[in-house]
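What follows is the content of upload-v7.cif, which has mmCIF, C-alpha atoms and all ligand atoms:
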data_final
loop_
_atom_site.group_PDB
_atom_site.id
_atom_site.type_symbol
_atom_site.label_atom_id
_atom_site.label_comp_id
_atom_site.auth_asym_id
_atom_site.auth_seq_id
_atom_site.Cartn_x
_atom_site.Cartn_y
_atom_site.Cartn_z
ATOM 1 C CA MET A 1 -43.423 20.576 150.448
ATOM 2 C CA LYS A 2 -44.349 19.504 146.936
ATOM 3 C CA GLN A 3 -41.625 21.529 145.251
ATOM 4 C CA GLN A 4 -38.980 19.070 146.489
ATOM 5 C CA THR A 5 -38.272 16.683 143.664
ATOM 6 C CA ILE A 6 -36.367 13.442 143.472
ATOM 7 C CA THR A 7 -32.814 14.297 142.576
ATOM 8 C CA GLN A 8 -29.656 12.303 142.132
ATOM 9 C CA GLU A 9 -27.919 14.677 144.491
ATOM 10 C CA GLY A 10 -30.285 13.971 147.360
ATOM 11 C CA VAL A 11 -31.541 16.623 149.762
ATOM 12 C CA THR A 12 -29.201 18.786 151.808
ATOM 13 C CA ILE A 13 -29.497 18.587 155.571
ATOM 14 C CA LYS A 14 -30.422 22.277 155.733
ATOM 15 C CA THR A 15 -33.325 21.651 153.362
ATOM 16 C CA LEU A 16 -34.328 18.576 155.371
ATOM 17 C CA SER A 17 -34.530 20.647 158.515
ATOM 18 C CA GLY A 18 -36.969 22.992 156.798
ATOM 19 C CA ILE A 19 -39.086 20.094 155.561
ATOM 20 C CA VAL A 20 -39.623 18.781 159.107
ATOM 21 C CA SER A 21 -39.942 22.308 160.631
ATOM 22 C CA GLY A 22 -36.800 21.411 162.513
ATOM 23 C CA ASN A 23 -34.073 23.098 164.451
ATOM 24 C CA ILE A 24 -30.445 22.180 163.759
ATOM 25 C CA VAL A 25 -28.839 21.939 167.210
ATOM 26 C CA ASN A 26 -25.253 21.883 165.945
ATOM 27 C CA PRO A 27 -24.942 24.234 162.980
ATOM 28 C CA GLY A 28 -21.750 23.906 160.957
ATOM 29 C CA PRO A 29 -20.224 23.056 157.596
ATOM 30 C CA HIS A 30 -21.350 19.423 157.899
ATOM 31 C CA ASN A 31 -24.947 20.698 157.548
ATOM 32 C CA ASN A 32 -24.391 21.271 153.835
ATOM 33 C CA VAL A 33 -24.040 17.623 152.838
ATOM 34 C CA ALA A 34 -26.884 15.808 151.117
ATOM 35 C CA VAL A 35 -28.709 12.674 152.175
ATOM 36 C CA LYS A 36 -30.429 10.206 149.864
ATOM 37 C CA THR A 37 -31.879 7.559 152.148
ATOM 38 C CA ALA A 38 -33.671 7.384 155.505
ATOM 39 C CA PHE A 39 -34.352 4.872 158.261
ATOM 40 C CA THR A 40 -36.780 5.320 161.144
ATOM 41 C CA SER A 41 -36.207 3.375 164.359
ATOM 42 C CA ASP A 42 -36.060 3.552 168.140
ATOM 43 C CA LEU A 43 -34.010 0.397 168.193
ATOM 44 C CA MET A 44 -30.279 1.046 167.862
ATOM 45 C CA SER A 45 -29.636 -2.717 167.642
ATOM 46 C CA ASP A 46 -31.619 -2.562 164.405
ATOM 47 C CA VAL A 47 -29.908 0.562 163.057
ATOM 48 C CA LEU A 48 -26.536 -1.170 163.449
ATOM 49 C CA THR A 49 -27.599 -3.922 161.038
ATOM 50 C CA ILE A 50 -28.516 -1.671 158.091
ATOM 51 C CA ASP A 51 -26.329 -0.813 155.158
ATOM 52 C CA ALA A 52 -26.458 2.962 155.593
ATOM 53 C CA CYS A 53 -25.078 5.250 152.939
ATOM 54 C CA GLU A 54 -25.800 8.986 152.852
ATOM 55 C CA THR A 55 -28.559 8.257 155.332
ATOM 56 C CA VAL A 56 -30.673 10.225 157.779
ATOM 57 C CA LEU A 57 -31.887 8.452 160.933
ATOM 58 C CA VAL A 58 -35.307 9.371 162.319
ATOM 59 C CA THR A 59 -35.732 8.480 165.989
ATOM 60 C CA GLY A 60 -37.512 9.417 169.201
ATOM 61 C CA LEU A 61 -34.574 8.520 171.425
ATOM 62 C CA THR A 62 -32.286 11.162 172.894
ATOM 63 C CA ASN A 63 -29.298 9.458 174.454
ATOM 64 C CA PRO A 64 -25.611 9.634 173.521
ATOM 65 C CA GLN A 65 -25.743 6.121 172.065
ATOM 66 C CA VAL A 66 -27.958 7.388 169.249
ATOM 67 C CA VAL A 67 -25.105 9.644 168.146
ATOM 68 C CA ARG A 68 -22.520 6.876 168.603
ATOM 69 C CA THR A 69 -24.679 4.478 166.608
ATOM 70 C CA ALA A 70 -24.939 7.037 163.805
ATOM 71 C CA GLU A 71 -21.195 7.610 163.884
ATOM 72 C CA MET A 72 -20.376 3.902 163.541
ATOM 73 C CA SER A 73 -22.986 3.387 160.822
ATOM 74 C CA ASP A 74 -21.857 6.330 158.658
ATOM 75 C CA ILE A 75 -25.202 8.061 159.226
ATOM 76 C CA LEU A 76 -24.829 11.771 158.495
ATOM 77 C CA CYS A 77 -27.873 13.208 160.207
ATOM 78 C CA ILE A 78 -30.314 12.377 163.010
ATOM 79 C CA ILE A 79 -33.818 13.822 163.193
ATOM 80 C CA ILE A 80 -35.199 13.602 166.725
ATOM 81 C CA GLY A 81 -38.993 13.695 166.605
ATOM 82 C CA ARG A 82 -41.844 13.930 169.109
ATOM 83 C CA ASN A 83 -40.707 17.426 170.066
ATOM 84 C CA LYS A 84 -37.960 15.996 172.269
ATOM 85 C CA LYS A 85 -35.020 18.194 173.141
ATOM 86 C CA CYS A 86 -31.492 16.889 173.298
ATOM 87 C CA SER A 87 -28.983 17.509 176.060
ATOM 88 C CA ARG A 88 -25.795 19.520 175.836
ATOM 89 C CA GLU A 89 -23.862 16.261 176.064
ATOM 90 C CA ILE A 90 -25.494 15.059 172.858
ATOM 91 C CA VAL A 91 -24.911 18.352 171.061
ATOM 92 C CA GLU A 92 -21.209 18.221 171.929
ATOM 93 C CA LEU A 93 -20.827 14.584 170.967
ATOM 94 C CA ALA A 94 -22.656 15.092 167.672
ATOM 95 C CA THR A 95 -20.472 18.069 166.807
ATOM 96 C CA GLN A 96 -17.354 16.020 167.560
ATOM 97 C CA CYS A 97 -18.601 13.155 165.372
ATOM 98 C CA GLN A 98 -19.716 15.532 162.597
ATOM 99 C CA VAL A 99 -23.252 14.188 162.785
ATOM 100 C CA THR A 100 -25.970 16.818 162.348
ATOM 101 C CA VAL A 101 -28.823 16.635 164.855
ATOM 102 C CA ILE A 102 -32.215 18.161 164.039
ATOM 103 C CA GLU A 103 -35.044 18.490 166.565
ATOM 104 C CA SER A 104 -38.521 18.305 165.032
ATOM 105 C CA PRO A 105 -41.895 18.868 166.677
ATOM 106 C CA PHE A 106 -43.577 16.187 164.538
ATOM 107 C CA SER A 107 -44.305 12.510 165.177
ATOM 108 C CA LEU A 108 -41.948 9.956 163.655
ATOM 109 C CA TYR A 109 -44.734 8.935 161.275
ATOM 110 C CA LYS A 110 -45.171 12.456 159.988
ATOM 111 C CA ILE A 111 -41.429 13.052 159.659
ATOM 112 C CA SER A 112 -41.031 9.796 157.731
ATOM 113 C CA GLY A 113 -43.913 10.739 155.432
ATOM 114 C CA LEU A 114 -42.508 14.183 154.733
ATOM 115 C CA LEU A 115 -39.083 12.753 153.939
ATOM 116 C CA TYR A 116 -40.590 10.138 151.650
ATOM 117 C CA GLU A 117 -42.557 12.811 149.853
ATOM 118 C CA SER A 118 -39.399 14.849 149.312
ATOM 119 C CA GLY A 119 -37.749 12.010 147.437
ATOM 120 C CA ILE A 120 -35.648 10.457 150.202
ATOM 121 C CA LYS A 121 -35.530 6.718 149.577
ATOM 122 C CA PRO A 122 -36.038 3.960 152.149
ATOM 123 C CA ILE A 123 -32.987 1.785 152.940
ATOM 124 C CA PHE A 124 -35.178 -1.202 152.093
ATOM 125 C CA MET B 1 0.407 -1.722 165.466
ATOM 126 C CA LYS B 2 -1.364 -2.312 168.768
ATOM 127 C CA THR B 3 -3.571 -0.107 170.896
ATOM 128 C CA GLN B 4 -5.534 -0.877 174.026
ATOM 129 C CA TYR B 5 -8.650 0.695 175.506
ATOM 130 C CA ASP B 6 -10.423 0.353 178.845
ATOM 131 C CA ILE B 7 -14.154 -0.220 178.829
ATOM 132 C CA GLU B 8 -16.190 0.528 181.942
ATOM 133 C CA GLY B 9 -19.246 -1.582 182.654
ATOM 134 C CA GLY B 10 -22.374 0.527 183.146
ATOM 135 C CA ASN B 11 -20.868 3.738 181.776
ATOM 136 C CA PHE B 12 -23.262 4.602 178.964
ATOM 137 C CA SER B 13 -21.916 8.103 178.325
ATOM 138 C CA LYS B 14 -18.554 6.622 177.443
ATOM 139 C CA ALA B 15 -19.813 3.591 175.526
ATOM 140 C CA GLY B 16 -18.509 3.846 171.982
ATOM 141 C CA PHE B 17 -15.478 5.960 172.839
ATOM 142 C CA ALA B 18 -13.024 3.161 172.014
ATOM 143 C CA SER B 19 -14.784 2.326 168.740
ATOM 144 C CA SER B 20 -14.782 5.995 167.818
ATOM 145 C CA GLU B 21 -11.026 6.243 168.396
ATOM 146 C CA VAL B 22 -10.468 3.144 166.282
ATOM 147 C CA LYS B 23 -12.616 4.571 163.495
ATOM 148 C CA ARG B 24 -10.453 7.681 163.456
ATOM 149 C CA MET B 25 -7.261 5.613 163.408
ATOM 150 C CA LEU B 26 -8.457 3.380 160.548
ATOM 151 C CA LYS B 27 -9.483 6.435 158.530
ATOM 152 C CA GLN B 28 -5.987 7.835 158.951
ATOM 153 C CA LEU B 29 -4.611 4.578 157.547
ATOM 154 C CA ASN B 30 -6.716 5.265 154.440
ATOM 155 C CA LEU B 31 -8.431 1.897 154.521
ATOM 156 C CA ASP B 32 -11.515 1.174 152.419
ATOM 157 C CA ILE B 33 -14.578 2.848 153.984
ATOM 158 C CA LYS B 34 -16.673 -0.318 153.692
ATOM 159 C CA LEU B 35 -14.006 -2.232 155.601
ATOM 160 C CA ILE B 36 -13.819 0.487 158.254
ATOM 161 C CA LYS B 37 -17.561 0.346 158.708
ATOM 162 C CA ARG B 38 -17.528 -3.447 159.112
ATOM 163 C CA VAL B 39 -14.790 -3.189 161.739
ATOM 164 C CA VAL B 40 -16.261 -0.341 163.769
ATOM 165 C CA VAL B 41 -19.839 -1.655 163.794
ATOM 166 C CA ALA B 42 -18.578 -5.056 164.991
ATOM 167 C CA MET B 43 -16.334 -3.372 167.548
ATOM 168 C CA TYR B 44 -19.095 -1.074 168.794
ATOM 169 C CA GLU B 45 -21.415 -4.068 169.353
ATOM 170 C CA GLY B 46 -18.660 -5.734 171.394
ATOM 171 C CA GLU B 47 -17.956 -2.551 173.330
ATOM 172 C CA VAL B 48 -21.630 -1.980 174.151
ATOM 173 C CA ASN B 49 -21.915 -5.620 175.246
ATOM 174 C CA ILE B 50 -19.222 -5.040 177.864
ATOM 175 C CA VAL B 51 -20.880 -1.815 179.049
ATOM 176 C CA VAL B 52 -24.281 -3.543 179.232
ATOM 177 C CA HIS B 53 -23.429 -7.047 180.414
ATOM 178 C CA ALA B 54 -20.022 -6.947 182.169
ATOM 179 C CA TYR B 55 -18.215 -5.038 184.939
ATOM 180 C CA HIS B 56 -14.996 -4.042 183.277
ATOM 181 C CA GLY B 57 -13.095 -4.896 180.140
ATOM 182 C CA THR B 58 -10.400 -4.046 177.653
ATOM 183 C CA ALA B 59 -10.250 -3.922 173.885
ATOM 184 C CA GLU B 60 -6.924 -4.725 172.254
ATOM 185 C CA VAL B 61 -6.797 -3.590 168.657
ATOM 186 C CA ASP B 62 -4.065 -4.922 166.411
ATOM 187 C CA VAL B 63 -3.709 -3.774 162.817
ATOM 188 C CA SER B 64 -1.351 -5.629 160.510
ATOM 189 C CA GLU B 65 -1.023 -5.566 156.749
ATOM 190 C CA LYS B 66 -3.411 -8.479 156.337
ATOM 191 C CA ARG B 67 -6.029 -7.987 159.004
ATOM 192 C CA ILE B 68 -7.537 -6.032 161.852
ATOM 193 C CA ARG B 69 -7.957 -7.988 165.067
ATOM 194 C CA ILE B 70 -9.954 -6.830 168.077
ATOM 195 C CA LEU B 71 -9.758 -8.786 171.306
ATOM 196 C CA PHE B 72 -12.263 -7.968 174.035
ATOM 197 C CA THR B 73 -11.537 -9.355 177.477
ATOM 198 C CA ASP B 74 -13.931 -8.660 180.326
ATOM 199 C CA ARG B 75 -14.600 -9.424 183.942
ATOM 200 C CA GLY B 76 -18.278 -10.135 184.298
ATOM 201 C CA PRO B 77 -20.961 -12.777 184.608
ATOM 202 C CA GLY B 78 -19.742 -14.609 181.500
ATOM 203 C CA ILE B 79 -21.964 -16.466 179.049
ATOM 204 C CA LYS B 80 -23.312 -19.871 180.089
ATOM 205 C CA ASP B 81 -24.484 -21.026 176.674
ATOM 206 C CA ILE B 82 -22.653 -19.359 173.787
ATOM 207 C CA ASP B 83 -24.775 -21.031 171.075
ATOM 208 C CA GLN B 84 -27.884 -19.621 172.707
ATOM 209 C CA ALA B 85 -26.300 -16.154 173.042
ATOM 210 C CA MET B 86 -25.483 -16.227 169.319
ATOM 211 C CA GLN B 87 -29.130 -16.744 168.392
ATOM 212 C CA ALA B 88 -30.869 -13.652 167.046
ATOM 213 C CA GLY B 89 -33.354 -12.380 169.618
ATOM 214 C CA PHE B 90 -31.771 -13.963 172.699
ATOM 215 C CA SER B 91 -31.057 -11.319 175.312
ATOM 216 C CA THR B 92 -30.734 -11.041 179.067
ATOM 217 C CA ALA B 93 -30.800 -7.221 178.932
ATOM 218 C CA THR B 94 -32.990 -5.344 181.403
ATOM 219 C CA GLU B 95 -35.938 -3.063 180.638
ATOM 220 C CA LYS B 96 -33.700 -0.029 181.250
ATOM 221 C CA ILE B 97 -31.311 -1.179 178.520
ATOM 222 C CA ARG B 98 -34.223 -1.721 176.139
ATOM 223 C CA GLU B 99 -35.453 1.801 176.738
ATOM 224 C CA MET B 100 -32.055 3.004 175.539
ATOM 225 C CA GLY B 101 -32.556 1.239 172.223
ATOM 226 C CA PHE B 102 -30.501 -1.894 172.911
ATOM 227 C CA GLY B 103 -31.138 -5.385 174.227
ATOM 228 C CA ALA B 104 -32.792 -6.894 171.174
ATOM 229 C CA GLY B 105 -30.413 -9.836 171.099
ATOM 230 C CA MET B 106 -29.022 -8.705 167.775
ATOM 231 C CA GLY B 107 -25.459 -7.700 168.674
ATOM 232 C CA LEU B 108 -23.578 -10.994 168.518
ATOM 233 C CA PRO B 109 -25.307 -12.100 165.260
ATOM 234 C CA ASN B 110 -24.515 -8.654 163.860
ATOM 235 C CA ILE B 111 -20.830 -9.017 164.774
ATOM 236 C CA LYS B 112 -20.837 -12.330 162.928
ATOM 237 C CA ALA B 113 -22.415 -10.654 159.900
ATOM 238 C CA HIS B 114 -19.842 -7.850 159.825
ATOM 239 C CA ALA B 115 -16.631 -9.697 160.738
ATOM 240 C CA ASP B 116 -14.694 -12.359 158.859
ATOM 241 C CA GLU B 117 -14.043 -14.272 162.074
ATOM 242 C CA LEU B 118 -15.713 -14.270 165.473
ATOM 243 C CA ASN B 119 -14.458 -16.379 168.359
ATOM 244 C CA ILE B 120 -16.086 -16.315 171.789
ATOM 245 C CA SER B 121 -14.913 -18.037 174.926
ATOM 246 C CA SER B 122 -16.341 -17.529 178.364
ATOM 247 C CA THR B 123 -16.089 -18.730 181.920
ATOM 248 C CA PRO B 124 -19.412 -18.236 183.729
ATOM 249 C CA GLY B 125 -18.875 -16.198 186.884
ATOM 250 C CA LYS B 126 -15.532 -14.850 185.650
ATOM 251 C CA GLY B 127 -15.713 -13.240 182.244
ATOM 252 C CA THR B 128 -15.755 -13.378 178.489
ATOM 253 C CA GLN B 129 -13.323 -13.080 175.585
ATOM 254 C CA VAL B 130 -14.517 -12.035 172.163
ATOM 255 C CA GLU B 131 -12.129 -12.027 169.208
ATOM 256 C CA ILE B 132 -13.124 -10.243 166.019
ATOM 257 C CA ILE B 133 -11.054 -10.399 162.835
ATOM 258 C CA CYS B 134 -11.580 -8.539 159.565
ATOM 259 C CA TYR B 135 -9.257 -9.184 156.631
ATOM 260 C CA ILE B 136 -7.796 -6.355 154.619
ATOM 261 C CA LYS B 137 -8.178 -7.373 151.004
ATOM 262 C CA LYS B 138 -5.594 -5.559 148.968
ATOM 263 C CA ASP B 139 -7.452 -5.850 145.658
ATOM 264 C CA HIS B 140 -10.389 -3.899 147.071
ATOM 265 C CA GLN B 141 -8.241 -0.982 148.068
ATOM 266 C CA ASN B 142 -7.313 2.098 146.082
ATOM 267 C CA THR B 143 -10.188 1.591 143.701
HETATM 268 N N1 LIG C 201 -19.545 -9.512 177.332
HETATM 269 C C1 LIG C 201 -20.605 -10.217 177.765
HETATM 270 N N2 LIG C 201 -20.676 -10.650 179.050
HETATM 271 C C2 LIG C 201 -21.724 -11.365 179.492
HETATM 272 N N3 LIG C 201 -22.774 -11.710 178.731
HETATM 273 C C3 LIG C 201 -22.760 -11.304 177.431
HETATM 274 C C4 LIG C 201 -21.693 -10.535 176.886
HETATM 275 N N4 LIG C 201 -21.960 -10.312 175.585
HETATM 276 C C5 LIG C 201 -23.147 -10.896 175.338
HETATM 277 N N5 LIG C 201 -23.641 -11.497 176.447
HETATM 278 C C6 LIG C 201 -24.875 -12.301 176.559
HETATM 279 O O1 LIG C 201 -25.315 -12.678 175.262
HETATM 280 C C7 LIG C 201 -26.617 -12.154 175.010
HETATM 281 C C8 LIG C 201 -26.759 -11.804 173.545
HETATM 282 O O2 LIG C 201 -25.872 -10.721 173.211
HETATM 283 P P1 LIG C 201 -26.244 -9.778 171.984
HETATM 284 O O3 LIG C 201 -25.193 -8.755 171.861
HETATM 285 O O4 LIG C 201 -26.523 -10.623 170.787
HETATM 286 O O5 LIG C 201 -27.644 -9.139 172.429
HETATM 287 P P2 LIG C 201 -27.908 -7.999 173.521
HETATM 288 O O6 LIG C 201 -26.638 -7.347 173.904
HETATM 289 O O7 LIG C 201 -28.702 -8.604 174.616
HETATM 290 O O8 LIG C 201 -28.840 -6.994 172.698
HETATM 291 P P3 LIG C 201 -28.362 -5.999 171.498
HETATM 292 O O9 LIG C 201 -26.985 -6.415 171.123
HETATM 293 O O10 LIG C 201 -29.360 -6.204 170.411
HETATM 294 O O11 LIG C 201 -28.398 -4.641 172.078
HETATM 295 C C9 LIG C 201 -26.759 -10.987 175.977
HETATM 296 O O12 LIG C 201 -28.099 -10.658 176.260
HETATM 297 C C10 LIG C 201 -26.004 -11.507 177.196
HETATM 298 O O13 LIG C 201 -26.816 -12.414 177.926
HETATM 299 MG MG MG C 202 -25.346 -6.612 172.386
#
So that I can check it, write out the structure of this file as structure tokens.
Ligand SMILES: Nc1ncnc2c1ncn2[C@@H]1O[C@H](COP(=O)(O)OP(=O)(O)OP(=O)(O)O)[C@@H](O)[C@H]1O
Ligand SMILES: [Mg+2]
Amino acid sequence: MKQQTITQEGVTIKTLSGIVSGNIVNPGPHNNVAVKTAFTSDLMSDVLTIDACETVLVTGLTNPQVVRTAEMSDILCIIIGRNKKCSREIVELATQCQVTVIESPFSLYKISGLLYESGIKPIF
Amino acid sequence: MKTQYDIEGGNFSKAGFASSEVKRMLKQLNLDIKLIKRVVVAMYEGEVNIVVHAYHGTAEVDVSEKRIRILFTDRGPGIKDIDQAMQAGFSTATEKIREMGFGAGMGLPNIKAHADELNISSTPGKGTQVEIICYIKKDHQNT
């Protein structure tokens, strides 16, 4: 993990997935974009108040509203932690919205720590 | 230019569909991305409020050269005390809604933060109207 350094370009979603030992559920061209900031929350009300920009959302929730919330907030990628699996409905919606969804076996704390270590900045 | 969308109370799979369509439309109009985000976040909060708190509603979206106006009209329980509803943290949402990541009492204050104008009127027992306006500032475009 240490080889990831802080770059102006951010970290590509594909690289992110590797960092959190994740599985990209909707592979596609939108997986190649880079993210620079992250926010961890199970509260969508809270996510909707942040000023997201090239952001990855880390959450333990797996309902369609997580994808919708990301779409409205210009969040590019969602990492679903706690080894939760997402439904087909979510995969389809995420693909439609061009939001990449990654499933990770780790706790939200561990995912957040790994992202921080790789140079992803907090929103605040 | 006017469009109208139906919003079904209780239908969580469809919640956000109208806001998503509006986002696509505003992108096609090549509006400033910051403006689009303000509009769609405010609209999504209003849409989710109908799904969570009301029985049925509509969203009327009107885009002119100067502004984007969204008018939500719903049939539902209405809001008894609008000042109280506007306070951050006030919510009547159920435990089930909270488990879905909503019901923190942050939606209406967040609409106010994102929109240029917010007007709410309600008749308890009948329904609620929420008007959201965002101005299109020409000097911020094409930069
Ligand atoms: N369309 C509506 N019909 C009836 N009541 C509403 C409506 N919109 C809001 N309310 C009332 O106002 C309260 C505050 O709304 P607000 O959007 O701020 O918070 P919330 O919806 O409860 O939670 P959050 O928006 O954080 O998910 C609600 O809990 C509800 O009692
Ligand atoms: Mg709300």
Determine, using all atoms listed in the file, which residues of chain A have any atom at most 12 Å from an atom of ligand MG 202 (chain C), and tabulate each with its shortest atom pair and distance in Å to one decimal place, rows ordered by chain and then rising number, as JSON lines.
{"residue": "A:Leu43", "atom": "CA", "partner": "C:MG202", "partner_atom": "MG", "distance": 11.9}
{"residue": "A:Met44", "atom": "CA", "partner": "C:MG202", "partner_atom": "MG", "distance": 10.2}
{"residue": "A:Ser45", "atom": "CA", "partner": "C:MG202", "partner_atom": "MG", "distance": 7.5}
{"residue": "A:Asp46", "atom": "CA", "partner": "C:MG202", "partner_atom": "MG", "distance": 10.9}
{"residue": "A:Leu48", "atom": "CA", "partner": "C:MG202", "partner_atom": "MG", "distance": 10.5}
{"residue": "A:Thr49", "atom": "CA", "partner": "C:MG202", "partner_atom": "MG", "distance": 11.9}
Could you please take those selected residues and save C-alpha atoms as a PDB file, in the frame of the given file?
ATOM      1  CA  LEU A  43     -34.010   0.397 168.193  1.00  0.00           C
ATOM      2  CA  MET A  44     -30.279   1.046 167.862  1.00  0.00           C
ATOM      3  CA  SER A  45     -29.636  -2.717 167.642  1.00  0.00           C
ATOM      4  CA  ASP A  46     -31.619  -2.562 164.405  1.00  0.00           C
ATOM      5  CA  LEU A  48     -26.536  -1.170 163.449  1.00  0.00           C
ATOM      6  CA  THR A  49     -27.599  -3.922 161.038  1.00  0.00           C
TER       7      THR A  49
END
Check which residues of chain B sit at most 6 Å from chain A using all atoms listed in the file, and return one row each with the closest pair of atoms and their distance in Å to one decimal, ordered by chain and rising number, as JSON lines.
{"residue": "B:Val40", "atom": "CA", "partner": "A:Met72", "partner_atom": "CA", "distance": 5.9}
{"residue": "B:Val41", "atom": "CA", "partner": "A:Met72", "partner_atom": "CA", "distance": 5.6}
{"residue": "B:Gly101", "atom": "CA", "partner": "A:Leu43", "partner_atom": "CA", "distance": 4.4}
{"residue": "B:Phe102", "atom": "CA", "partner": "A:Ser45", "partner_atom": "CA", "distance": 5.4}
With the cut-off set at 7 Å and counting all atoms listed in the file, tabulate each residue of chain B with an atom at most that distance from an atom of ligand LIG 201 (chain C), showing the nearest atom pair and its distance in Å to one decimal, ordered by chain and increasing number, as CSV.
residue,atom,partner,partner_atom,distance
B:Glu45,CA,C:LIG201,O9,6.3
B:Asn49,CA,C:LIG201,N4,4.7
B:Ile50,CA,C:LIG201,N1,4.5
B:Val52,CA,C:LIG201,O6,7.0
B:His53,CA,C:LIG201,C2,4.7
B:Ala54,CA,C:LIG201,N2,4.9
B:Asp74,CA,C:LIG201,N1,6.4
B:Gly76,CA,C:LIG201,N2,5.8
B:Pro77,CA,C:LIG201,C2,5.4
B:Gly78,CA,C:LIG201,C2,4.3
B:Ile79,CA,C:LIG201,N3,4.8
B:Ala85,CA,C:LIG201,O1,4.2
B:Met86,CA,C:LIG201,O4,5.9
B:Ala88,CA,C:LIG201,O4,6.5
B:Phe90,CA,C:LIG201,C8,5.5
B:Ser91,CA,C:LIG201,O12,3.2
B:Thr92,CA,C:LIG201,O12,3.9
B:Ala93,CA,C:LIG201,O7,5.0
B:Phe102,CA,C:LIG201,O11,3.6
B:Gly103,CA,C:LIG201,O8,3.2
B:Ala104,CA,C:LIG201,O10,3.6
B:Gly105,CA,C:LIG201,O5,3.1
B:Met106,CA,C:LIG201,O10,3.6
B:Gly107,CA,C:LIG201,O9,3.2
B:Leu108,CA,C:LIG201,O4,3.7
B:Pro109,CA,C:LIG201,O4,5.8
B:Gly127,CA,C:LIG201,N2,6.4
B:Thr128,CA,C:LIG201,N1,5.5
(message) For this structure, which residues satisfy the selection - the PyMOL selection byres (((chain A and resi 98) around 12) and not hetatm) - when it is evaluated on the file as given? I want them as a ChimeraX atom specification.
(response) /A:26-33,67-68,70-72,74-78,90-97,99-101 /B:20
(request) Rounded to one decimal place, report the CA of Thr37 (chain A)-CA of Asp32 (chain B) distance in Å. (result) 21.3 Å
Residues within 7 Å of Tyr135 (chain B), all atoms listed in the file, excluding chain neighbours under 2 positions, as a short mmCIF file (atom, residue, chain, number, x, y, z; two decimals) with C-alpha atoms, keeping the file's coordinate frame:
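File around.cif, as written:
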data_model
loop_
_atom_site.label_atom_id
_atom_site.label_comp_id
_atom_site.auth_asym_id
_atom_site.auth_seq_id
_atom_site.Cartn_x
_atom_site.Cartn_y
_atom_site.Cartn_z
CA LYS B 66 -3.41 -8.48 156.34
CA ARG B 67 -6.03 -7.99 159.00
CA ILE B 68 -7.54 -6.03 161.85
CA ASP B 116 -14.69 -12.36 158.86
CA ILE B 133 -11.05 -10.40 162.84
CA LYS B 137 -8.18 -7.37 151.00
#
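The space between CA of Ile70 (chain B) and CA of Leu57 (chain A) spans 27.7 Å.
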(request) Do a neighbour search on Asn23 (chain A) at 9 Å with all atoms listed in the file, toss out local chain neighbours closer than 5 positions, and write the hits as a ChimeraX atom specification. (result) /A:17-18,101-104
